[in-house]
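Structure file input_30.cif (mmCIF, C-alpha atoms) follows.
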data_work
#
loop_
_atom_site.label_atom_id
_atom_site.label_comp_id
_atom_site.auth_asym_id
_atom_site.auth_seq_id
_atom_site.Cartn_x
_atom_site.Cartn_y
_atom_site.Cartn_z
CA MET A 1 0.00 0.00 0.00
CA SER A 2 1.46 3.35 -0.99
CA GLU A 3 1.91 6.27 1.44
CA ILE A 4 -1.13 8.00 -0.08
CA ASP A 5 -3.36 4.92 0.11
CA ARG A 6 -2.33 4.23 3.70
CA LEU A 7 -3.11 7.82 4.66
CA ILE A 8 -6.54 7.66 3.02
CA HIS A 9 -7.22 4.30 4.68
CA LEU A 10 -6.47 5.72 8.14
CA LEU A 11 -8.41 8.94 7.55
CA ALA A 12 -11.45 6.98 6.33
CA LYS A 13 -11.70 5.25 9.73
CA LEU A 14 -12.25 8.52 11.61
CA PRO A 15 -15.85 9.23 12.66
CA GLY A 16 -17.65 11.45 10.16
CA LEU A 17 -15.26 10.56 7.33
CA GLY A 18 -15.73 7.89 4.65
CA PRO A 19 -13.57 6.84 1.70
CA ARG A 20 -14.70 9.81 -0.41
CA SER A 21 -14.16 12.53 2.19
CA ALA A 22 -10.91 10.86 3.28
CA ARG A 23 -9.58 11.15 -0.29
CA ARG A 24 -10.69 14.76 -0.40
CA ALA A 25 -9.00 15.57 2.91
CA ALA A 26 -5.81 13.71 1.89
CA LEU A 27 -5.59 15.59 -1.40
CA HIS A 28 -6.28 18.90 0.35
CA MET A 29 -3.36 18.18 2.67
CA LEU A 30 -1.00 16.81 0.02
CA LYS A 31 -1.36 20.12 -1.82
CA ARG A 32 -0.50 22.01 1.37
CA ARG A 33 2.20 19.84 2.86
CA GLU A 34 4.05 22.55 4.76
CA THR A 35 1.13 24.72 5.84
CA VAL A 36 -1.47 22.07 6.71
CA MET A 37 -0.12 18.51 6.62
CA GLN A 38 3.07 18.79 8.65
CA PRO A 39 1.47 20.98 11.36
CA LEU A 40 -1.35 18.44 11.69
CA ALA A 41 1.11 15.52 11.84
CA ARG A 42 2.98 17.33 14.62
CA ALA A 43 -0.22 18.26 16.48
CA LEU A 44 -1.37 14.63 16.39
CA ALA A 45 1.97 13.28 17.58
CA GLU A 46 2.25 15.89 20.34
CA ALA A 47 -1.31 15.40 21.57
CA ALA A 48 -0.90 11.60 21.47
CA ALA A 49 2.24 11.90 23.59
CA ALA A 50 1.03 14.55 26.03
CA VAL A 51 -2.69 13.91 26.61
CA ALA A 52 -3.86 11.27 29.08
CA PRO A 53 -6.98 10.61 31.17
CA CYS A 54 -7.17 12.46 34.49
CA ALA A 55 -6.82 9.91 37.30
CA VAL A 56 -9.38 11.84 39.37
CA CYS A 57 -12.25 12.61 36.99
CA GLY A 58 -11.51 10.84 33.68
CA ASN A 59 -11.20 14.06 31.64
CA LEU A 60 -8.51 14.08 28.92
CA ASP A 61 -5.76 16.64 29.48
CA VAL A 62 -2.02 17.23 29.29
CA HIS A 63 -1.98 17.55 33.09
CA ASP A 64 -2.91 14.86 35.62
CA PRO A 65 -4.94 15.79 37.63
CA CYS A 66 -6.54 17.78 34.82
CA ALA A 67 -6.82 21.57 34.68
CA ILE A 68 -10.39 21.44 36.03
CA CYS A 69 -9.60 19.13 38.97
CA SER A 70 -6.57 21.22 39.95
CA ASP A 71 -8.26 24.63 39.54
CA PRO A 72 -8.84 26.04 43.06
CA HIS A 73 -11.55 28.34 41.68
CA ARG A 74 -13.78 25.44 40.65
CA ASP A 75 -16.37 24.54 43.26
CA ALA A 76 -15.36 21.20 44.81
CA ALA A 77 -18.80 20.93 46.41
CA LEU A 78 -20.49 20.21 43.05
CA LEU A 79 -19.77 16.98 41.22
CA CYS A 80 -21.25 16.69 37.72
CA VAL A 81 -21.49 13.12 36.38
CA VAL A 82 -21.27 12.75 32.58
CA GLU A 83 -21.12 9.76 30.27
CA ASP A 84 -18.22 10.88 28.12
CA VAL A 85 -15.47 13.48 27.76
CA ALA A 86 -17.48 14.86 24.81
CA ASP A 87 -20.28 15.76 27.27
CA LEU A 88 -17.77 17.40 29.61
CA TRP A 89 -16.46 19.48 26.68
CA ALA A 90 -20.03 20.47 25.74
CA LEU A 91 -20.82 21.61 29.31
CA GLU A 92 -17.52 23.53 29.48
CA ARG A 93 -18.32 25.30 26.21
CA SER A 94 -21.71 26.29 27.63
CA GLY A 95 -19.83 27.98 30.48
CA GLY A 96 -22.75 27.30 32.80
CA PHE A 97 -21.01 25.05 35.31
CA ARG A 98 -18.23 25.98 37.74
CA GLY A 99 -18.00 22.73 39.72
CA ARG A 100 -16.02 19.57 38.96
CA TYR A 101 -16.74 16.51 36.84
CA HIS A 102 -16.83 12.76 36.94
CA VAL A 103 -16.59 10.96 33.58
CA LEU A 104 -18.16 7.49 33.63
CA GLY A 105 -16.74 6.49 30.25
CA GLY A 106 -19.97 4.71 29.32
CA LEU A 107 -23.51 3.83 30.35
CA LEU A 108 -24.89 0.66 31.92
CA SER A 109 -25.74 -1.81 29.19
CA PRO A 110 -26.08 -5.46 30.26
CA ILE A 111 -26.37 -6.59 26.62
CA ASP A 112 -22.95 -5.09 25.86
CA GLY A 113 -21.46 -6.41 29.10
CA ILE A 114 -21.17 -2.91 30.59
CA GLY A 115 -21.95 -3.18 34.29
CA PRO A 116 -21.25 -1.04 37.38
CA GLU A 117 -17.58 -1.97 37.32
CA GLU A 118 -17.09 -0.84 33.71
CA ILE A 119 -18.51 2.62 34.45
CA GLY A 120 -16.48 2.91 37.68
CA ALA A 121 -19.48 3.28 39.99
CA ASP A 122 -17.33 2.58 43.07
CA ARG A 123 -14.95 5.41 42.20
CA LEU A 124 -17.90 7.80 41.90
CA VAL A 125 -19.34 6.73 45.27
CA ALA A 126 -15.89 7.18 46.85
CA ARG A 127 -15.62 10.72 45.42
CA ALA A 128 -19.18 11.58 46.44
CA ALA A 129 -18.38 10.47 50.01
CA ALA A 130 -15.63 13.12 50.33
CA PRO A 131 -16.60 15.71 52.97
CA GLU A 132 -16.36 18.71 50.59
CA VAL A 133 -18.94 17.31 48.14
CA THR A 134 -22.51 18.49 48.83
CA GLU A 135 -24.26 17.76 45.51
CA VAL A 136 -23.92 15.22 42.73
CA ILE A 137 -25.55 16.33 39.46
CA LEU A 138 -26.36 13.49 37.07
CA ALA A 139 -25.94 15.04 33.60
CA LEU A 140 -26.71 11.94 31.56
CA GLY A 141 -28.52 11.74 28.25
CA PHE A 142 -32.31 11.50 28.09
CA THR A 143 -32.01 8.00 26.61
CA VAL A 144 -32.78 4.50 27.88
CA GLY A 145 -29.12 3.94 28.77
CA GLY A 146 -28.77 7.37 30.33
CA GLN A 147 -31.88 7.04 32.50
CA THR A 148 -31.10 3.43 33.53
CA THR A 149 -27.64 4.52 34.62
CA ALA A 150 -29.06 7.55 36.45
CA HIS A 151 -31.50 5.36 38.39
CA TYR A 152 -28.73 2.95 39.34
CA LEU A 153 -26.42 5.77 40.48
CA VAL A 154 -29.18 7.41 42.57
CA GLU A 155 -29.50 4.11 44.42
CA ARG A 156 -25.74 3.68 44.84
CA LEU A 157 -25.30 7.28 46.05
CA SER A 158 -28.21 7.14 48.52
CA GLY A 159 -25.82 6.26 51.36
CA CYS A 160 -23.70 9.38 50.81
CA ALA A 161 -24.58 12.62 52.60
CA VAL A 162 -25.06 14.50 49.31
CA ARG A 163 -27.93 16.01 47.43
CA ILE A 164 -28.51 14.12 44.18
CA SER A 165 -29.96 16.01 41.22
CA GLY A 166 -30.50 15.44 37.51
CA ILE A 167 -30.35 17.97 34.68
CA ALA A 168 -33.73 19.19 33.48
CA HIS A 169 -35.50 17.58 30.54
CA GLY A 170 -37.88 19.53 28.33
CA VAL A 171 -38.17 21.69 25.23
CA PRO A 172 -34.68 22.70 24.01
CA LEU A 173 -33.81 26.34 23.30
CA GLY A 174 -35.15 27.25 19.88
CA GLY A 175 -37.27 24.11 19.93
CA GLU A 176 -40.59 24.56 18.18
CA LEU A 177 -43.30 22.45 19.77
CA HIS A 178 -44.67 21.03 16.54
CA TYR A 179 -41.26 19.59 15.62
CA LEU A 180 -40.71 17.84 18.96
CA ASP A 181 -41.38 14.19 19.69
CA ASP A 182 -44.19 13.03 21.97
CA ALA A 183 -41.93 11.88 24.80
CA THR A 184 -40.20 15.26 25.06
CA LEU A 185 -43.53 17.10 25.03
CA THR A 186 -45.03 14.78 27.66
CA THR A 187 -41.96 15.30 29.86
CA ALA A 188 -41.99 19.05 29.35
CA LEU A 189 -45.68 19.22 30.33
CA ALA A 190 -45.23 17.01 33.39
CA ALA A 191 -42.21 19.08 34.53
CA ARG A 192 -44.01 22.43 34.11
CA ARG A 193 -43.00 25.27 36.45
CA ALA A 194 -45.11 27.97 38.02
CA LEU A 195 -44.51 31.34 36.34
CA GLY A 196 -46.90 33.73 38.04
CA MET B 1 -3.85 27.06 23.07
CA SER B 2 -3.64 23.57 24.53
CA GLU B 3 -2.52 20.51 22.53
CA ILE B 4 -6.15 19.36 22.27
CA ASP B 5 -7.46 22.75 21.13
CA ARG B 6 -4.67 23.09 18.56
CA LEU B 7 -5.44 19.63 17.19
CA ILE B 8 -9.18 20.41 16.92
CA HIS B 9 -8.38 23.77 15.29
CA LEU B 10 -6.25 22.07 12.60
CA LEU B 11 -8.72 19.24 12.01
CA ALA B 12 -11.61 21.71 11.64
CA LYS B 13 -9.84 23.32 8.67
CA LEU B 14 -9.90 20.10 6.62
CA PRO B 15 -12.58 19.93 3.89
CA GLY B 16 -15.70 18.14 5.06
CA LEU B 17 -14.93 18.74 8.74
CA GLY B 18 -16.22 21.57 10.90
CA PRO B 19 -15.68 22.40 14.58
CA ARG B 20 -18.17 19.77 15.72
CA SER B 21 -16.85 16.86 13.63
CA ALA B 22 -13.26 17.94 14.38
CA ARG B 23 -13.96 17.62 18.11
CA ARG B 24 -15.54 14.24 17.53
CA ALA B 25 -12.58 13.00 15.47
CA ALA B 26 -10.09 14.38 18.02
CA LEU B 27 -11.85 12.66 20.90
CA HIS B 28 -12.09 9.41 18.92
CA MET B 29 -8.33 9.54 18.39
CA LEU B 30 -7.42 10.66 21.92
CA LYS B 31 -9.19 7.56 23.22
CA ARG B 32 -7.17 5.39 20.81
CA ARG B 33 -3.77 7.02 20.95
CA GLU B 34 -1.69 3.97 20.10
CA THR B 35 -3.98 2.23 17.62
CA VAL B 36 -5.34 5.23 15.67
CA MET B 37 -3.67 8.51 16.56
CA GLN B 38 0.02 7.65 16.37
CA PRO B 39 -0.32 5.61 13.14
CA LEU B 40 -2.17 8.56 11.54
CA ALA B 41 0.47 11.03 12.76
CA ARG B 42 3.17 8.83 11.21
CA ALA B 43 1.21 8.35 7.96
CA LEU B 44 0.77 12.12 7.63
CA ALA B 45 4.43 12.85 8.31
CA GLU B 46 5.62 10.12 5.94
CA ALA B 47 3.28 11.14 3.11
CA ALA B 48 4.19 14.82 3.59
CA ALA B 49 7.87 13.93 3.31
CA ALA B 50 7.62 11.43 0.44
CA VAL B 51 4.87 12.68 -1.86
CA ALA B 52 5.51 15.41 -4.42
CA PRO B 53 3.99 16.56 -7.73
CA CYS B 54 5.21 14.70 -10.81
CA ALA B 55 7.31 17.08 -12.91
CA VAL B 56 5.86 15.56 -16.09
CA CYS B 57 2.11 15.35 -15.50
CA GLY B 58 1.37 17.03 -12.16
CA ASN B 59 0.10 13.86 -10.44
CA LEU B 60 1.02 13.43 -6.76
CA ASP B 61 3.23 10.44 -6.03
CA VAL B 62 6.23 9.22 -4.06
CA HIS B 63 8.11 8.84 -7.32
CA ASP B 64 9.01 11.60 -9.81
CA PRO B 65 8.17 10.97 -12.63
CA CYS B 66 5.07 9.35 -11.12
CA ALA B 67 4.16 5.65 -11.38
CA ILE B 68 1.82 6.36 -14.31
CA CYS B 69 4.33 8.44 -16.32
CA SER B 70 7.09 5.86 -15.81
CA ASP B 71 4.90 2.80 -16.50
CA PRO B 72 5.94 1.42 -19.94
CA HIS B 73 2.58 -0.36 -20.24
CA ARG B 74 0.64 2.91 -20.27
CA ASP B 75 -0.13 4.18 -23.76
CA ALA B 76 2.01 7.27 -24.38
CA ALA B 77 -0.09 8.08 -27.46
CA LEU B 78 -3.07 9.12 -25.33
CA LEU B 79 -2.87 12.23 -23.16
CA CYS B 80 -5.84 12.82 -20.86
CA VAL B 81 -6.16 16.41 -19.59
CA VAL B 82 -7.81 16.82 -16.16
CA GLU B 83 -8.38 19.81 -13.89
CA ASP B 84 -7.15 18.26 -10.67
CA VAL B 85 -5.39 15.24 -9.16
CA ALA B 86 -8.79 14.28 -7.69
CA ASP B 87 -10.09 13.82 -11.27
CA LEU B 88 -7.03 11.72 -12.15
CA TRP B 89 -7.70 9.52 -9.10
CA ALA B 90 -11.37 9.15 -10.12
CA LEU B 91 -10.43 8.08 -13.66
CA GLU B 92 -7.83 5.65 -12.30
CA ARG B 93 -10.42 4.12 -9.96
CA SER B 94 -12.75 3.66 -12.94
CA GLY B 95 -9.99 1.62 -14.59
CA GLY B 96 -11.22 2.72 -18.00
CA PHE B 97 -8.14 4.60 -19.18
CA ARG B 98 -4.70 3.18 -19.97
CA GLY B 99 -3.00 6.29 -21.36
CA ARG B 100 -1.22 9.11 -19.53
CA TYR B 101 -2.42 12.27 -17.84
CA HIS B 102 -1.85 15.98 -17.72
CA VAL B 103 -3.07 17.78 -14.59
CA LEU B 104 -3.84 21.46 -15.20
CA GLY B 105 -4.14 22.28 -11.50
CA GLY B 106 -7.08 24.61 -12.17
CA LEU B 107 -9.45 26.05 -14.76
CA LEU B 108 -9.34 29.37 -16.59
CA SER B 109 -11.07 32.00 -14.49
CA PRO B 110 -10.27 35.64 -15.35
CA ILE B 111 -12.16 36.89 -12.26
CA ASP B 112 -9.85 34.85 -10.02
CA GLY B 113 -6.75 35.82 -12.00
CA ILE B 114 -6.30 32.31 -13.37
CA GLY B 115 -5.07 32.61 -16.94
CA PRO B 116 -3.26 30.32 -19.41
CA GLU B 117 -0.01 30.63 -17.48
CA GLU B 118 -1.58 29.52 -14.17
CA ILE B 119 -2.95 26.33 -15.74
CA GLY B 120 0.34 25.64 -17.53
CA ALA B 121 -1.12 25.71 -21.06
CA ASP B 122 2.36 25.99 -22.62
CA ARG B 123 3.52 22.81 -20.87
CA LEU B 124 0.49 20.95 -22.21
CA VAL B 125 1.11 22.18 -25.79
CA ALA B 126 4.77 21.12 -25.49
CA ARG B 127 3.75 17.63 -24.34
CA ALA B 128 1.08 17.34 -27.07
CA ALA B 129 3.74 18.23 -29.67
CA ALA B 130 5.80 15.16 -28.76
CA PRO B 131 5.89 12.70 -31.70
CA GLU B 132 4.43 9.75 -29.71
CA VAL B 133 1.23 11.63 -28.77
CA THR B 134 -1.65 11.05 -31.22
CA GLU B 135 -4.67 12.12 -29.18
CA VAL B 136 -5.39 14.62 -26.43
CA ILE B 137 -8.57 13.88 -24.46
CA LEU B 138 -10.02 16.85 -22.61
CA ALA B 139 -11.64 15.33 -19.52
CA LEU B 140 -12.84 18.56 -17.92
CA GLY B 141 -15.99 19.13 -15.93
CA PHE B 142 -19.28 20.03 -17.67
CA THR B 143 -19.22 23.45 -16.00
CA VAL B 144 -18.70 27.01 -17.26
CA GLY B 145 -15.05 26.92 -16.18
CA GLY B 146 -14.48 23.43 -17.59
CA GLN B 147 -16.00 24.23 -20.97
CA THR B 148 -14.27 27.64 -21.24
CA THR B 149 -10.95 25.96 -20.54
CA ALA B 150 -11.72 23.17 -23.04
CA HIS B 151 -12.48 25.71 -25.80
CA TYR B 152 -9.28 27.60 -25.08
CA LEU B 153 -7.18 24.42 -25.10
CA VAL B 154 -8.73 23.21 -28.39
CA GLU B 155 -7.57 26.49 -29.94
CA ARG B 156 -4.09 26.26 -28.41
CA LEU B 157 -3.68 22.62 -29.47
CA SER B 158 -4.90 23.20 -33.04
CA GLY B 159 -1.30 23.63 -34.24
CA CYS B 160 -0.26 20.19 -32.93
CA ALA B 161 -0.63 17.12 -35.14
CA VAL B 162 -2.96 15.41 -32.65
CA ARG B 163 -6.59 14.43 -32.53
CA ILE B 164 -8.40 16.45 -29.87
CA SER B 165 -11.40 14.88 -28.16
CA GLY B 166 -13.62 15.61 -25.19
CA ILE B 167 -15.31 13.17 -22.83
CA ALA B 168 -18.98 12.57 -23.55
CA HIS B 169 -21.71 14.51 -21.77
CA GLY B 170 -25.14 13.05 -21.18
CA VAL B 171 -27.28 11.04 -18.78
CA PRO B 172 -25.07 9.50 -16.05
CA LEU B 173 -25.26 5.78 -15.26
CA GLY B 174 -28.24 5.19 -12.99
CA GLY B 175 -29.53 8.64 -13.90
CA GLU B 176 -33.31 8.78 -14.06
CA LEU B 177 -34.46 11.28 -16.64
CA HIS B 178 -37.03 12.97 -14.44
CA TYR B 179 -34.38 13.85 -11.84
CA LEU B 180 -31.95 15.40 -14.35
CA ASP B 181 -31.60 19.11 -15.09
CA ASP B 182 -32.68 20.68 -18.38
CA ALA B 183 -29.15 21.35 -19.62
CA THR B 184 -28.08 17.72 -19.22
CA LEU B 185 -31.23 16.46 -20.97
CA THR B 186 -30.83 18.95 -23.84
CA THR B 187 -27.19 17.88 -24.25
CA ALA B 188 -28.06 14.19 -24.07
CA LEU B 189 -30.72 14.65 -26.75
CA ALA B 190 -28.47 16.66 -29.05
CA ALA B 191 -25.65 14.11 -28.68
CA ARG B 192 -27.93 11.13 -29.41
CA ARG B 193 -26.33 8.11 -31.12
CA ALA B 194 -27.75 5.73 -33.69
CA LEU B 195 -28.59 2.36 -32.15
CA GLY B 196 -30.17 0.35 -34.97
#

Mind turning the file's structure into structure tokens?
Amino acid sequence: MSEIDRLIHLLAKLPGLGPRSARRAALHMLKRRETVMQPLARALAEAAAAVAPCAVCGNLDVHDPCAICSDPHRDAALLCVVEDVADLWALERSGGFRGRYHVLGGLLSPIDGIGPEEIGADRLVARAAAPEVTEVILALGFTVGGQTTAHYLVERLSGCAVRISGIAHGVPLGGELHYLDDATLTTALAARRALG
Amino acid sequence: MSEIDRLIHLLAKLPGLGPRSARRAALHMLKRRETVMQPLARALAEAAAAVAPCAVCGNLDVHDPCAICSDPHRDAALLCVVEDVADLWALERSGGFRGRYHVLGGLLSPIDGIGPEEIGADRLVARAAAPEVTEVILALGFTVGGQTTAHYLVERLSGCAVRISGIAHGVPLGGELHYLDDATLTTALAARRALG
């Protein structure tokens, strides 16, 4: 396999890329070897060498503990539980949370052999038992797996002296009612808040 | 900018990727540093170092002249003119052509300052004047730029003792007539062939 074919083969395995877009990206880079291709090769090698999971929360960072866990300005009383680092990134971009995180790395799924051990439930309970933690926020997806995992974690955390909360479900910002599915509308109605 | 942010920033500039898919690809790789990320970093660095444009035809390859130009089994009598290396790759995948190529690297576009010199028209005329060349096939897109460039090249090549041809335009394979645009249908009708 030639250098070009091998490159296309590896690019095509990335999420969101297929053979066609991998060829397009490879050609784009081959035409810009010094300005695009070599910087990307270096960035990949450097990130691969420097980035590792945070031993405390599971975030990916060049520091361990990660920048969030070691930031004294982040509120250690609030522990936000997410499925994946992608969710942590999304919450960080929103800028709406100033506490700390706990990345499960997956959701309970007996069919796939993912049980409490695989999502590190014991580690979460141990962190939640720390005296500085007052609230655990379950920020899991509004999916079967997300809600099953949330129910399980509520049970596991019931022995800890912490408040347990879940993020709100309802109509998303910009969501027009007539485009939304029945389950979301039913939930949004049931979770209605007093306004007056 | 952190290693992760720099990587996402560079990935997001590739064609077909935006900020969201770049984050997804970066996270996919960061979770598979040894199996996906490092091999891709190496493949990029190796291709960037080894691949260069062929001085004869403009194809991208690790050899110069490229594998096609130096293959004695390819018919040197046929010269296929394409806009871009992507078109050359597409024709090679089709397996329908056993001659050699000439990559223009662009199409005439006075508004963008792309004239005969930018597309290397003189180099093409010089190649077409070689005694072994008997036919020049213009395989340019059925677009304003492609057809303008084809007309210009027909004029420039008129002094060479070669047959000049253009790829056929018409209904594509699998093309249903009622989905096709007027211009394609008009062309396909005008270029009809006798069957009986």

Q | Counting all atoms listed in the file, chain B residues within 9 Å of chain A, as a ChimeraX atom specification | A | /B:2-4,6-7,10-11,13-17,21-34,36-53,60-62,85-86

Around all listed atoms of range 86-96 of chain A, padded 8 Å per side, what centre and edge lengths does the axis-aligned box have in Å to one decimal, as lines of an AutoDock Vina configuration file?
center_x = -19.6
center_y = 21.4
center_z = 28.8
size_x = 22.3
size_y = 29.1
size_z = 24.0

(Q) What would the selection look like, as a PyMOL selection string, if the PyMOL selection byres ((chain B and resi 54) around 10) were run on the coordinates I just shared? (A) chain B and resi 51-53+55-69+102-103

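When only C-alpha atoms are used to measure the gap to Glu118 in chain B, the shortest distance among B:Glu83, B:Val171, B:Ala150, B:Ala77 belongs to B:Glu83.
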
Distance query Cys160 in chain A at most 10 Å, only C-alpha atoms, self and fewer than 5 positions along chain excluded, as a PDB file with C-alpha atoms, in the coordinates of the input:
ATOM      1  CA  VAL A 125     -19.340   6.730  45.270  1.00  0.00           C
ATOM      2  CA  ALA A 126     -15.890   7.180  46.850  1.00  0.00           C
ATOM      3  CA  ARG A 127     -15.620  10.720  45.420  1.00  0.00           C
ATOM      4  CA  ALA A 128     -19.180  11.580  46.440  1.00  0.00           C
ATOM      5  CA  ALA A 129     -18.380  10.470  50.010  1.00  0.00           C
ATOM      6  CA  ALA A 130     -15.630  13.120  50.330  1.00  0.00           C
ATOM      7  CA  PRO A 131     -16.600  15.710  52.970  1.00  0.00           C
ATOM      8  CA  VAL A 133     -18.940  17.310  48.140  1.00  0.00           C
ATOM      9  CA  THR A 134     -22.510  18.490  48.830  1.00  0.00           C
ATOM     10  CA  GLU A 135     -24.260  17.760  45.510  1.00  0.00           C
ATOM     11  CA  VAL A 136     -23.920  15.220  42.730  1.00  0.00           C
TER      12      VAL A 136
END

Q: Can you work out which one of A:Val82, A:Arg192, A:Arg74, A:Ile111 has the shortest atom-to-atom distance to Gly99 in chain A, counting only C-alpha atoms?
A: A:Arg74
